[in-house]
Every structure is written in C-alpha cells, then in structure tokens.
Amino acid sequence: GEGRVAISLRCLRMLRSVCAMYPSRDPQGLPRLPIPRALRVVSDSTTLPHVVQFVLSGHAEVVEEAMQLLWAVVECGDSVAVRKLYKTGLFFFALSYSGSNVEQLAAVLKESHLKQDWYRRDREEEDAESAAGSILRAMLPESLVCFLIHH
C-alpha cells in the first residue's frame, strides 16, 4: 500500500487540481464572485483546519502542497476565511516548520497576517498596517514583522 506521505500528496494535489479547474480570478486578475464552490469547500471552517494540519507533517513536499492550496484560499478573495485563519493554528504551525522550502509559506504569511480578525479592544485603525496590527506580533520580534510587512 501507499505510505502516508504519498496519500497526503495525492489528496492535496487532487484538491489543488479541482480548485485550479475553477479559477477564483478572471483573466484581468479581478476576483470572481461568487467564489467557486471548490474553494468555498476548502476554505470552509470544517475543512480548512485539516488542510492547515498538513503543515505539521514536517515533510517538505506535503508542506509545499498544503501551502499552495492555502495560497489559493488566501488569493481567492474570501475575506471571511482569510480573517479566521488564526483559528486553525496556521501561524503557530508555520513558524514551527523547520524545513528550508519556505517561499510559499512566507507568501501565505505575508498576505494573511495583517488580515486576521483576532479581537483586541485597544486596537486602533493606525495599527492596521503596522506590526501592532499583526497576529504575528506576539510570536516574532517586531523587526521581523516589519520586514514581512514592507518586503
């Protein structure tokens, strides 16, 4: 039989190919509304945590495939799903990953860390685009968060 890594890769690639059949953006780069059903299913609150858990595998190919699928979710424009990524553990799992293929992982973090809907009473509007508005501010030094914002 197939190993767990092979099965994980097959599942992730299948999900990615289904999502690719129905792009979330038109040829001009504008989001398509409604969001294609395949991406709505992947970004659903019952499915998304399982996709994020693939990052915990630590296997380079599995993490890369999971991040590519998560990139499709982040890029699709479903702001509700993106704002609630913090509830899946993505940020903790991503920062605990010790592999060297972090390009896609960094892209997902860069695109999503300021958009989280975590609750703070003292959060002000000017914090929205600063390190203080990032979900990563409690996990990384401020200089790294600023680097992620500006580069």
# chains A, B, ... in the order shown; residues from 1 in each chain; ligands from 1
call {"tool": "residues_around", "arguments": {"residues": "Val41 of chain A", "least_positions_apart": "5", "cutoff": "12 Å", "atoms": "only C-alpha atoms", "output": "list of chain:residue names"}}
result
A:Leu15, A:Arg16, A:Val18, A:Cys19, A:Ile35, A:Pro36, A:Thr46, A:Thr47, A:Leu48, A:Pro49, A:His50, A:Val51, A:Val73, A:Asp78, A:Ala81
call {"tool": "write_last_selection", "arguments": {"atoms": "N, CA, C and O atoms", "output": "mmCIF file, in the first residue's frame"}}
result
data_model
loop_
_atom_site.group_PDB
_atom_site.id
_atom_site.type_symbol
_atom_site.label_atom_id
_atom_site.label_comp_id
_atom_site.auth_asym_id
_atom_site.auth_seq_id
_atom_site.Cartn_x
_atom_site.Cartn_y
_atom_site.Cartn_z
ATOM 1 N N LEU A 15 -7.079 18.115 -4.536
ATOM 2 C CA LEU A 15 -7.796 19.331 -4.136
ATOM 3 C C LEU A 15 -7.312 20.544 -4.926
ATOM 4 O O LEU A 15 -8.112 21.363 -5.378
ATOM 5 N N ARG A 16 -5.998 20.654 -5.102
ATOM 6 C CA ARG A 16 -5.452 21.776 -5.871
ATOM 7 C C ARG A 16 -5.904 21.735 -7.321
ATOM 8 O O ARG A 16 -6.234 22.765 -7.904
ATOM 9 N N VAL A 18 -8.662 20.391 -8.533
ATOM 10 C CA VAL A 18 -10.087 20.750 -8.588
ATOM 11 C C VAL A 18 -10.250 22.261 -8.450
ATOM 12 O O VAL A 18 -11.019 22.889 -9.184
ATOM 13 N N CYS A 19 -9.510 22.855 -7.538
ATOM 14 C CA CYS A 19 -9.578 24.314 -7.358
ATOM 15 C C CYS A 19 -9.055 25.045 -8.596
ATOM 16 O O CYS A 19 -9.578 26.094 -8.970
ATOM 17 N N ILE A 35 -17.452 33.069 -5.172
ATOM 18 C CA ILE A 35 -16.217 32.291 -5.137
ATOM 19 C C ILE A 35 -16.551 30.874 -5.587
ATOM 20 O O ILE A 35 -17.576 30.311 -5.178
ATOM 21 N N PRO A 36 -15.718 30.288 -6.450
ATOM 22 C CA PRO A 36 -16.004 28.927 -6.927
ATOM 23 C C PRO A 36 -16.222 27.944 -5.777
ATOM 24 O O PRO A 36 -15.580 28.038 -4.727
ATOM 25 N N THR A 46 -14.911 23.747 8.483
ATOM 26 C CA THR A 46 -14.739 22.335 8.823
ATOM 27 C C THR A 46 -13.617 21.681 8.024
ATOM 28 O O THR A 46 -13.083 20.661 8.447
ATOM 29 N N THR A 47 -13.235 22.252 6.893
ATOM 30 C CA THR A 47 -12.191 21.675 6.042
ATOM 31 C C THR A 47 -10.842 22.344 6.231
ATOM 32 O O THR A 47 -9.806 21.678 6.277
ATOM 33 N N LEU A 48 -10.835 23.656 6.347
ATOM 34 C CA LEU A 48 -9.592 24.418 6.399
ATOM 35 C C LEU A 48 -8.639 23.973 7.511
ATOM 36 O O LEU A 48 -7.427 23.850 7.271
ATOM 37 N N PRO A 49 -9.115 23.691 8.721
ATOM 38 C CA PRO A 49 -8.175 23.235 9.758
ATOM 39 C C PRO A 49 -7.435 21.950 9.374
ATOM 40 O O PRO A 49 -6.271 21.777 9.716
ATOM 41 N N HIS A 50 -8.083 21.072 8.621
ATOM 42 C CA HIS A 50 -7.435 19.835 8.203
ATOM 43 C C HIS A 50 -6.358 20.096 7.160
ATOM 44 O O HIS A 50 -5.314 19.446 7.170
ATOM 45 N N VAL A 51 -6.601 21.059 6.293
ATOM 46 C CA VAL A 51 -5.583 21.444 5.312
ATOM 47 C C VAL A 51 -4.380 22.042 6.041
ATOM 48 O O VAL A 51 -3.230 21.719 5.736
ATOM 49 N N VAL A 73 -6.589 29.716 -1.300
ATOM 50 C CA VAL A 73 -7.631 30.218 -0.396
ATOM 51 C C VAL A 73 -7.402 31.695 -0.090
ATOM 52 O O VAL A 73 -8.334 32.500 -0.139
ATOM 53 N N ASP A 78 -11.894 35.362 -0.450
ATOM 54 C CA ASP A 78 -12.863 35.034 0.591
ATOM 55 C C ASP A 78 -12.355 35.613 1.909
ATOM 56 O O ASP A 78 -11.623 34.964 2.654
ATOM 57 N N ALA A 81 -12.838 33.639 5.291
ATOM 58 C CA ALA A 81 -11.925 32.522 5.527
ATOM 59 C C ALA A 81 -10.536 33.022 5.898
ATOM 60 O O ALA A 81 -9.905 32.495 6.812
#
call {"tool": "select_by_dssp", "arguments": {"residues": "chain A", "states": "alpha helix (DSSP H)", "output": "PyMOL selection string"}}
result
chain A and resi 4-21+37-42+48-53+60-75+79-83+90-96+103-112+142-150
call {"tool": "write_last_selection", "arguments": {"atoms": "C-alpha atoms", "output": "compact mmCIF listing (two decimals), in the first residue's frame"}}
result
# COMPACT_ATOMS: atom_id res chain seq x y z
CA ARG A 4 1.02 8.29 4.49
CA VAL A 5 3.12 10.88 2.68
CA ALA A 6 2.08 9.56 -0.73
CA ILE A 7 -1.59 9.58 0.27
CA SER A 8 -1.30 13.10 1.69
CA LEU A 9 0.33 14.34 -1.51
CA ARG A 10 -2.29 12.66 -3.66
CA CYS A 11 -5.13 14.26 -1.65
CA LEU A 12 -3.59 17.72 -1.68
CA ARG A 13 -2.81 17.57 -5.40
CA MET A 14 -6.34 16.41 -6.12
CA LEU A 15 -7.80 19.33 -4.14
CA ARG A 16 -5.45 21.78 -5.87
CA SER A 17 -6.35 20.47 -9.32
CA VAL A 18 -10.09 20.75 -8.59
CA CYS A 19 -9.58 24.31 -7.36
CA ALA A 20 -7.48 25.11 -10.45
CA MET A 21 -10.31 23.95 -12.75
CA ARG A 37 -17.55 26.08 -4.97
CA ALA A 38 -14.29 24.09 -4.75
CA LEU A 39 -12.55 26.97 -2.97
CA ARG A 40 -15.58 27.58 -0.76
CA VAL A 41 -15.43 23.95 0.37
CA VAL A 42 -11.67 24.08 1.03
CA LEU A 48 -9.59 24.42 6.40
CA PRO A 49 -8.18 23.24 9.76
CA HIS A 50 -7.43 19.84 8.20
CA VAL A 51 -5.58 21.44 5.31
CA VAL A 52 -3.56 23.51 7.78
CA GLN A 53 -2.69 20.38 9.78
CA ALA A 60 8.82 19.22 2.63
CA GLU A 61 6.60 18.15 -0.28
CA VAL A 62 3.47 17.89 1.86
CA VAL A 63 4.05 21.31 3.39
CA GLU A 64 4.67 22.83 -0.05
CA GLU A 65 1.45 21.33 -1.47
CA ALA A 66 -0.55 22.45 1.58
CA MET A 67 0.84 25.98 1.30
CA GLN A 68 -0.03 26.13 -2.39
CA LEU A 69 -3.59 25.13 -1.54
CA LEU A 70 -3.70 27.69 1.27
CA TRP A 71 -2.35 30.31 -1.13
CA ALA A 72 -5.35 29.60 -3.39
CA VAL A 73 -7.63 30.22 -0.40
CA VAL A 74 -5.85 33.45 0.55
CA GLU A 75 -5.79 34.67 -3.04
CA SER A 79 -12.16 37.55 3.32
CA VAL A 80 -14.13 35.60 5.94
CA ALA A 81 -11.92 32.52 5.53
CA VAL A 82 -8.73 34.58 5.49
CA ARG A 83 -9.71 36.59 8.58
CA LEU A 90 -1.65 28.15 10.81
CA PHE A 91 0.65 30.81 12.23
CA PHE A 92 2.00 28.60 15.03
CA PHE A 93 2.38 25.59 12.74
CA ALA A 94 4.07 27.63 10.01
CA LEU A 95 6.56 29.16 12.42
CA SER A 96 7.41 25.75 13.87
CA GLU A 103 8.93 30.64 -0.04
CA GLN A 104 5.26 29.67 -0.37
CA LEU A 105 4.88 29.61 3.40
CA ALA A 106 6.25 33.16 3.66
CA ALA A 107 3.93 34.32 0.87
CA VAL A 108 0.87 32.96 2.73
CA LEU A 109 2.00 34.57 5.99
CA LYS A 110 2.75 37.89 4.29
CA GLU A 111 -0.62 38.01 2.58
CA SER A 112 -2.67 36.98 5.62
CA GLU A 142 8.83 43.42 15.87
CA SER A 143 11.67 43.89 13.38
CA LEU A 144 10.78 40.62 11.61
CA VAL A 145 7.11 41.56 11.47
CA CYS A 146 8.03 44.94 9.99
CA PHE A 147 10.24 43.20 7.43
CA LEU A 148 7.33 40.95 6.47
CA ILE A 149 5.06 43.97 6.04
CA HIS A 150 7.42 46.04 3.93
call {"tool": "atom_distance", "arguments": {"atom1": "atom CA of Ser134 of chain A", "atom2": "atom CA of Lys87 of chain A"}}
result
14.3 Å
call {"tool": "closest_residue", "arguments": {"among": "A:Asp44, A:Gly58, A:His151, A:Gly29", "to": "Ser100 of chain A", "atoms": "only C-alpha atoms"}}
result
A:Gly58
call {"tool": "atom_distance", "arguments": {"atom1": "atom CA of Cys76 of chain A", "atom2": "atom CA of Tyr97 of chain A"}}
result
24.6 Å
call {"tool": "closest_residue", "arguments": {"among": "A:Thr88, A:Ser98, A:Gln116, A:Ser130", "to": "Ser43 of chain A", "atoms": "only C-alpha atoms"}}
result
A:Thr88
call {"tool": "atom_distance", "arguments": {"atom1": "atom CA of Ala132 of chain A", "atom2": "atom CA of Leu114 of chain A"}}
result
9.3 Å
call {"tool": "closest_residue", "arguments": {"among": "A:Gly133, A:Pro141, A:Gly3, A:Gly99", "to": "His59 of chain A", "atoms": "only C-alpha atoms"}}
result
A:Gly99
